[in-house]
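Q: The structure follows.
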Amino acid sequence: MTRHSALKLLIFYCISFLISQLPLYPVTLSLQSRMSLQIFTFLLGPIYLILISHLLIAILPVPLRTALNFLDLIGPRKHRGLVTGGCLLGLEIMTLLVCIIVLAPLPAIISQVFILTITGTCLVIVLSALIQAFQSAYHQDKDDFQKKQDLRKKAALASHQLVLETDPKRRQAYLRLPKYLTLLFCPAIFLICTLILYMTRDIKSLPAIQWLRLPVTYLAGLALFALLPLSMYWLNCQGTSLVQRIYIDHDQLYYYGYSGSMEERRESTYQLVSLQSFRVYQRAIYIRGSFRIQTQDRYGLDITTKNKALWIPRTFSVEQEESLLQFLNSINQKKTSVEQ
(Lines give C-alpha, C1' and ligand atoms only; values in the text may rest on other atoms or scores of the structure.)
Protein backbone atom coordinates (compact mmCIF):
# COMPACT_ATOMS: atom_id res chain seq x y z
CA MET A 1 0.00 0.00 0.00
CA THR A 2 2.91 2.34 0.77
CA ARG A 3 4.36 1.80 -2.70
CA HIS A 4 1.05 2.72 -4.34
CA SER A 5 0.63 5.82 -2.17
CA ALA A 6 4.18 6.97 -2.87
CA LEU A 7 3.63 6.53 -6.61
CA LYS A 8 0.40 8.59 -6.58
CA LEU A 9 1.99 11.36 -4.52
CA LEU A 10 5.01 11.46 -6.83
CA ILE A 11 2.79 11.78 -9.91
CA PHE A 12 0.78 14.66 -8.48
CA TYR A 13 3.88 16.33 -7.01
CA CYS A 14 5.28 16.46 -10.54
CA ILE A 15 2.00 17.96 -11.81
CA SER A 16 2.04 20.50 -8.99
CA PHE A 17 5.65 21.40 -9.83
CA LEU A 18 4.72 21.98 -13.47
CA ILE A 19 1.88 24.25 -12.38
CA SER A 20 4.35 26.28 -10.30
CA GLN A 21 6.29 27.00 -13.50
CA LEU A 22 3.32 28.74 -15.14
CA PRO A 23 3.85 32.48 -15.71
CA LEU A 24 2.04 34.87 -13.40
CA TYR A 25 -0.75 37.36 -14.12
CA PRO A 26 -1.45 39.17 -16.46
CA VAL A 27 -0.27 36.41 -18.79
CA THR A 28 -2.10 33.50 -17.08
CA LEU A 29 -2.56 33.28 -13.29
CA SER A 30 -2.17 35.42 -10.22
CA LEU A 31 0.14 34.20 -7.46
CA GLN A 32 -2.78 33.28 -5.16
CA SER A 33 -4.61 31.42 -7.93
CA ARG A 34 -1.49 29.48 -8.81
CA MET A 35 -0.93 28.52 -5.16
CA SER A 36 -4.56 27.44 -4.86
CA LEU A 37 -4.26 25.33 -8.01
CA GLN A 38 -1.07 23.71 -6.67
CA ILE A 39 -2.74 22.84 -3.37
CA PHE A 40 -5.82 21.46 -5.10
CA THR A 41 -3.67 19.33 -7.41
CA PHE A 42 -1.29 17.99 -4.78
CA LEU A 43 -3.81 17.35 -2.02
CA LEU A 44 -6.99 16.50 -3.92
CA GLY A 45 -5.43 14.79 -6.96
CA PRO A 46 -4.71 11.40 -5.31
CA ILE A 47 -8.09 11.48 -3.56
CA TYR A 48 -10.07 11.99 -6.74
CA LEU A 49 -7.96 9.46 -8.63
CA ILE A 50 -9.09 6.86 -6.08
CA LEU A 51 -12.72 8.05 -6.16
CA ILE A 52 -13.02 7.99 -9.94
CA SER A 53 -11.32 4.60 -10.13
CA HIS A 54 -13.59 3.31 -7.35
CA LEU A 55 -16.65 4.34 -9.38
CA LEU A 56 -15.22 2.71 -12.52
CA ILE A 57 -14.69 -0.53 -10.64
CA ALA A 58 -18.30 -0.43 -9.48
CA ILE A 59 -19.91 0.14 -12.88
CA LEU A 60 -17.63 -1.60 -15.39
CA PRO A 61 -18.22 -5.24 -16.40
CA VAL A 62 -15.77 -7.81 -15.06
CA PRO A 63 -13.83 -8.48 -18.34
CA LEU A 64 -13.27 -4.76 -18.97
CA ARG A 65 -12.47 -4.24 -15.29
CA THR A 66 -9.78 -6.92 -15.53
CA ALA A 67 -8.37 -5.42 -18.70
CA LEU A 68 -7.86 -2.01 -17.05
CA ASN A 69 -4.70 -2.90 -15.16
CA PHE A 70 -4.07 0.73 -14.23
CA LEU A 71 -6.81 0.42 -11.59
CA ASP A 72 -4.34 -1.64 -9.56
CA LEU A 73 -2.51 1.63 -8.80
CA ILE A 74 -5.23 2.32 -6.27
CA GLY A 75 -4.02 -0.48 -4.05
CA PRO A 76 -5.23 -3.96 -3.08
CA ARG A 77 -8.79 -4.85 -4.06
CA LYS A 78 -9.80 -5.45 -0.45
CA HIS A 79 -9.37 -1.72 0.28
CA ARG A 80 -11.72 -0.60 -2.50
CA GLY A 81 -14.94 -0.74 -0.55
CA LEU A 82 -17.24 1.61 1.26
CA VAL A 83 -14.69 2.00 4.09
CA THR A 84 -12.18 3.36 1.57
CA GLY A 85 -14.77 5.85 0.33
CA GLY A 86 -15.48 7.01 3.88
CA CYS A 87 -11.76 7.46 4.54
CA LEU A 88 -11.41 9.45 1.33
CA LEU A 89 -14.27 11.70 2.35
CA GLY A 90 -12.52 12.30 5.67
CA LEU A 91 -9.29 13.15 3.83
CA GLU A 92 -11.17 15.58 1.66
CA ILE A 93 -12.66 17.36 4.67
CA MET A 94 -9.18 17.49 6.26
CA THR A 95 -7.87 18.99 3.01
CA LEU A 96 -10.53 21.68 3.29
CA LEU A 97 -9.31 22.50 6.80
CA VAL A 98 -5.70 22.67 5.57
CA CYS A 99 -6.68 25.01 2.75
CA ILE A 100 -8.61 27.21 5.21
CA ILE A 101 -5.51 27.50 7.41
CA VAL A 102 -3.08 28.11 4.52
CA LEU A 103 -5.24 30.38 2.37
CA ALA A 104 -7.42 32.00 5.08
CA PRO A 105 -9.75 33.55 4.27
CA LEU A 106 -10.68 31.26 1.39
CA PRO A 107 -11.85 32.92 -1.83
CA ALA A 108 -15.57 32.47 -2.48
CA ILE A 109 -15.05 30.37 -5.60
CA ILE A 110 -12.74 27.96 -3.77
CA SER A 111 -15.26 27.57 -0.94
CA GLN A 112 -18.00 26.80 -3.46
CA VAL A 113 -15.78 24.29 -5.25
CA PHE A 114 -15.08 22.53 -1.95
CA ILE A 115 -18.79 22.34 -1.11
CA LEU A 116 -19.59 20.90 -4.56
CA THR A 117 -16.75 18.40 -4.46
CA ILE A 118 -17.61 17.12 -0.98
CA THR A 119 -21.27 16.78 -1.98
CA GLY A 120 -20.26 15.02 -5.18
CA THR A 121 -17.98 12.70 -3.24
CA CYS A 122 -20.84 11.68 -0.94
CA LEU A 123 -23.04 10.96 -3.97
CA VAL A 124 -20.29 8.93 -5.63
CA ILE A 125 -19.75 6.86 -2.49
CA VAL A 126 -23.47 6.16 -2.10
CA LEU A 127 -23.90 5.42 -5.81
CA SER A 128 -20.93 3.05 -5.98
CA ALA A 129 -22.07 1.26 -2.81
CA LEU A 130 -25.57 0.77 -4.25
CA ILE A 131 -24.19 -0.47 -7.57
CA GLN A 132 -21.85 -2.91 -5.87
CA ALA A 133 -24.61 -4.18 -3.60
CA PHE A 134 -26.92 -4.74 -6.60
CA GLN A 135 -24.17 -6.46 -8.61
CA SER A 136 -23.30 -8.71 -5.70
CA ALA A 137 -26.95 -9.71 -5.18
CA TYR A 138 -27.47 -10.19 -8.93
CA HIS A 139 -24.42 -12.43 -9.39
CA GLN A 140 -25.26 -14.43 -6.27
CA ASP A 141 -28.81 -14.99 -7.50
CA LYS A 142 -27.51 -15.91 -10.95
CA ASP A 143 -25.08 -18.47 -9.51
CA ASP A 144 -27.76 -19.98 -7.27
CA PHE A 145 -30.22 -20.22 -10.15
CA GLN A 146 -27.59 -21.82 -12.40
CA LYS A 147 -26.90 -24.43 -9.72
CA LYS A 148 -30.64 -25.11 -9.58
CA GLN A 149 -30.71 -25.53 -13.37
CA ASP A 150 -27.75 -27.91 -13.28
CA LEU A 151 -29.37 -30.02 -10.56
CA ARG A 152 -32.57 -30.26 -12.56
CA LYS A 153 -30.64 -31.31 -15.65
CA LYS A 154 -28.68 -33.96 -13.71
CA ALA A 155 -31.90 -35.33 -12.24
CA ALA A 156 -33.46 -35.51 -15.72
CA LEU A 157 -30.43 -37.29 -17.18
CA ALA A 158 -30.36 -39.69 -14.22
CA SER A 159 -33.98 -40.68 -14.97
CA HIS A 160 -33.01 -41.26 -18.65
CA GLN A 161 -34.81 -38.19 -19.97
CA LEU A 162 -33.58 -36.47 -23.12
CA VAL A 163 -32.47 -32.88 -22.42
CA LEU A 164 -32.29 -30.46 -25.36
CA GLU A 165 -30.25 -27.28 -24.88
CA THR A 166 -29.24 -24.41 -27.13
CA ASP A 167 -26.09 -24.88 -29.17
CA PRO A 168 -23.95 -21.68 -29.15
CA LYS A 169 -22.99 -21.89 -32.85
CA ARG A 170 -26.56 -22.45 -34.05
CA ARG A 171 -27.70 -19.64 -31.75
CA GLN A 172 -25.25 -17.24 -33.38
CA ALA A 173 -26.62 -18.16 -36.80
CA TYR A 174 -30.18 -17.74 -35.51
CA LEU A 175 -29.45 -14.24 -34.15
CA ARG A 176 -27.70 -13.05 -37.30
CA LEU A 177 -30.88 -11.96 -39.12
CA PRO A 178 -32.42 -9.74 -36.37
CA LYS A 179 -28.97 -8.37 -35.56
CA TYR A 180 -28.28 -7.30 -39.14
CA LEU A 181 -31.80 -5.91 -39.56
CA THR A 182 -31.43 -3.78 -36.43
CA LEU A 183 -27.83 -2.62 -36.73
CA LEU A 184 -27.23 -2.52 -40.49
CA PHE A 185 -30.30 -2.69 -42.72
CA CYS A 186 -32.52 -0.03 -41.13
CA PRO A 187 -29.71 2.50 -40.46
CA ALA A 188 -28.39 1.98 -44.00
CA ILE A 189 -31.83 2.56 -45.55
CA PHE A 190 -32.31 5.67 -43.41
CA LEU A 191 -28.89 7.09 -44.37
CA ILE A 192 -29.41 6.40 -48.09
CA CYS A 193 -32.85 8.05 -48.03
CA THR A 194 -31.47 11.03 -46.12
CA LEU A 195 -28.66 11.36 -48.67
CA ILE A 196 -31.17 11.30 -51.56
CA LEU A 197 -33.30 13.97 -49.89
CA TYR A 198 -30.21 16.10 -49.24
CA MET A 199 -28.97 15.82 -52.84
CA THR A 200 -32.37 16.76 -54.28
CA ARG A 201 -33.12 19.64 -51.89
CA ASP A 202 -32.31 22.33 -54.48
CA ILE A 203 -34.44 20.82 -57.25
CA LYS A 204 -37.37 19.56 -55.18
CA SER A 205 -39.77 21.84 -57.05
CA LEU A 206 -39.53 19.68 -60.19
CA PRO A 207 -42.50 17.28 -60.56
CA ALA A 208 -40.32 14.21 -61.14
CA ILE A 209 -38.21 14.99 -58.05
CA GLN A 210 -41.37 15.49 -55.97
CA TRP A 211 -42.58 12.02 -56.97
CA LEU A 212 -39.16 10.66 -56.01
CA ARG A 213 -38.88 12.45 -52.68
CA LEU A 214 -42.32 11.42 -51.42
CA PRO A 215 -41.71 7.62 -51.23
CA VAL A 216 -38.12 8.21 -50.12
CA THR A 217 -39.38 10.30 -47.21
CA TYR A 218 -41.87 7.62 -46.18
CA LEU A 219 -39.17 4.95 -46.51
CA ALA A 220 -36.78 6.97 -44.31
CA GLY A 221 -39.47 7.37 -41.65
CA LEU A 222 -40.32 3.67 -41.83
CA ALA A 223 -36.67 2.70 -41.43
CA LEU A 224 -36.30 5.04 -38.45
CA PHE A 225 -39.41 3.89 -36.61
CA ALA A 226 -38.71 0.23 -37.40
CA LEU A 227 -35.62 0.32 -35.16
CA LEU A 228 -37.67 0.00 -31.98
CA PRO A 229 -39.76 -3.08 -32.90
CA LEU A 230 -36.74 -4.71 -34.55
CA SER A 231 -34.66 -4.09 -31.42
CA MET A 232 -37.40 -5.67 -29.30
CA TYR A 233 -37.55 -8.63 -31.69
CA TRP A 234 -33.76 -9.02 -31.49
CA LEU A 235 -33.84 -8.94 -27.69
CA ASN A 236 -36.69 -11.47 -27.63
CA CYS A 237 -34.74 -13.81 -29.92
CA GLN A 238 -31.67 -13.45 -27.73
CA GLY A 239 -33.52 -14.22 -24.52
CA THR A 240 -35.70 -17.07 -25.81
CA SER A 241 -32.88 -18.86 -27.60
CA LEU A 242 -30.60 -18.56 -24.58
CA VAL A 243 -32.86 -19.91 -21.83
CA GLN A 244 -35.03 -22.46 -23.67
CA ARG A 245 -34.71 -26.11 -22.71
CA ILE A 246 -36.75 -29.18 -23.70
CA TYR A 247 -37.18 -32.33 -21.63
CA ILE A 248 -38.46 -35.47 -23.37
CA ASP A 249 -39.55 -38.27 -21.05
CA HIS A 250 -40.87 -41.28 -23.01
CA ASP A 251 -44.14 -39.89 -24.45
CA GLN A 252 -44.05 -36.56 -22.58
CA LEU A 253 -42.56 -33.26 -23.80
CA TYR A 254 -41.79 -30.32 -21.51
CA TYR A 255 -40.73 -26.97 -22.95
CA TYR A 256 -39.05 -24.81 -20.30
CA GLY A 257 -37.99 -21.17 -20.27
CA TYR A 258 -37.78 -18.16 -18.01
CA SER A 259 -37.63 -14.38 -18.16
CA GLY A 260 -36.34 -11.70 -15.81
CA SER A 261 -33.99 -12.16 -12.88
CA MET A 262 -33.94 -12.10 -9.09
CA GLU A 263 -37.38 -11.26 -7.67
CA GLU A 264 -38.82 -10.61 -11.13
CA ARG A 265 -37.86 -14.01 -12.54
CA ARG A 266 -40.75 -15.88 -14.11
CA GLU A 267 -40.31 -19.57 -14.97
CA SER A 268 -42.69 -21.29 -17.39
CA THR A 269 -43.02 -24.98 -18.28
CA TYR A 270 -45.26 -26.11 -21.16
CA GLN A 271 -46.23 -29.77 -21.01
CA LEU A 272 -47.61 -31.10 -24.28
CA VAL A 273 -50.96 -32.76 -23.52
CA SER A 274 -52.17 -33.37 -27.07
CA LEU A 275 -50.54 -32.54 -30.40
CA GLN A 276 -52.62 -31.02 -33.17
CA SER A 277 -49.94 -30.23 -35.75
CA PHE A 278 -46.33 -29.19 -36.17
CA ARG A 279 -44.22 -27.68 -38.92
CA VAL A 280 -40.53 -27.00 -39.39
CA TYR A 281 -39.66 -23.56 -40.72
CA GLN A 282 -36.28 -22.09 -41.51
CA ARG A 283 -35.91 -20.32 -38.15
CA ALA A 284 -38.34 -22.06 -35.83
CA ILE A 285 -40.35 -25.20 -35.16
CA TYR A 286 -44.08 -24.56 -34.91
CA ILE A 287 -46.03 -26.78 -32.50
CA ARG A 288 -49.77 -26.37 -32.02
CA GLY A 289 -51.66 -28.35 -29.41
CA SER A 290 -53.03 -28.44 -25.91
CA PHE A 291 -50.51 -27.53 -23.20
CA ARG A 292 -50.51 -27.73 -19.44
CA ILE A 293 -48.77 -24.47 -18.50
CA GLN A 294 -47.03 -24.19 -15.14
CA THR A 295 -45.84 -20.71 -14.17
CA GLN A 296 -43.66 -20.01 -11.14
CA ASP A 297 -42.84 -16.48 -9.94
CA ARG A 298 -42.62 -14.56 -6.69
CA TYR A 299 -46.40 -14.58 -6.39
CA GLY A 300 -46.55 -18.38 -6.36
CA LEU A 301 -47.39 -21.24 -8.69
CA ASP A 302 -50.08 -21.04 -11.36
CA ILE A 303 -51.24 -24.01 -13.48
CA THR A 304 -53.55 -23.71 -16.49
CA THR A 305 -54.39 -25.81 -19.55
CA LYS A 306 -55.13 -24.24 -22.90
CA ASN A 307 -54.62 -24.57 -26.64
CA LYS A 308 -51.54 -22.74 -27.78
CA ALA A 309 -48.98 -22.49 -30.56
CA LEU A 310 -45.29 -22.64 -29.60
CA TRP A 311 -42.61 -21.15 -31.83
CA ILE A 312 -39.39 -22.89 -30.79
CA PRO A 313 -36.17 -21.30 -32.15
CA ARG A 314 -34.04 -23.80 -34.05
CA THR A 315 -30.95 -23.37 -31.90
CA PHE A 316 -30.55 -26.97 -30.74
CA SER A 317 -27.79 -29.12 -32.14
CA VAL A 318 -28.61 -31.09 -35.29
CA GLU A 319 -28.72 -34.40 -33.39
CA GLN A 320 -31.01 -33.01 -30.69
CA GLU A 321 -33.30 -31.41 -33.26
CA GLU A 322 -33.61 -34.72 -35.10
CA SER A 323 -34.55 -36.40 -31.80
CA LEU A 324 -37.22 -33.76 -31.23
CA LEU A 325 -38.66 -34.20 -34.72
CA GLN A 326 -38.67 -37.99 -34.34
CA PHE A 327 -40.60 -37.61 -31.10
CA LEU A 328 -43.14 -35.27 -32.71
CA ASN A 329 -43.53 -37.61 -35.69
CA SER A 330 -44.15 -40.57 -33.40
CA ILE A 331 -46.78 -38.62 -31.45
CA ASN A 332 -48.40 -37.54 -34.72
CA GLN A 333 -48.46 -41.12 -36.04
CA LYS A 334 -50.07 -42.38 -32.83
CA LYS A 335 -52.73 -39.70 -33.09
CA THR A 336 -53.41 -40.60 -36.73
CA SER A 337 -53.70 -44.31 -35.97
CA VAL A 338 -56.13 -43.62 -33.11
CA GLU A 339 -58.30 -41.42 -35.35
CA GLN A 340 -58.42 -44.12 -38.02
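Residue numbering restarts at 1 in every chain; chains get A, B, ... in the order shown in the C-alpha coordinates, and ligands count up from 1 in that same order.
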Could you go through segment 226-268 of chain A and tell me which residues DSSP, when run on the backbone, assigns to helix (DSSP H, G or I), listing them as a ChimeraX atom specification?
A: /A:227-243,262-264
Q: Find the residue from A:Gln244, A:Ser261, A:Thr295, A:Gln333 that sits nearest to Leu310 of chain A; use only C-alpha atoms when measuring.
A: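 Closest candidate: A:Gln244.
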Q: Where does DSSP see strand (DSSP E or B) in segment 188-325 of chain A, if you list the residues as a PyMOL selection string?
A: chain A and resi 245-249+252-259+266-280+284-297+300-313+316
Q: For Ile196 of chain A, list every protein, DNA or RNA residue within 10 Å, evaluated using only C-alpha atoms, and leave out those in the same chain fewer than 3 positions away; present the list as a ChimeraX atom specification.
A: /A:190-193,199-201,212-213,216-217
Q: Can you work out which one of A:Ile131, A:Leu228, A:Leu197, A:Leu116 has the shortest atom-to-atom distance to Leu214 of chain A, counting only C-alpha atoms?
A: A:Leu197
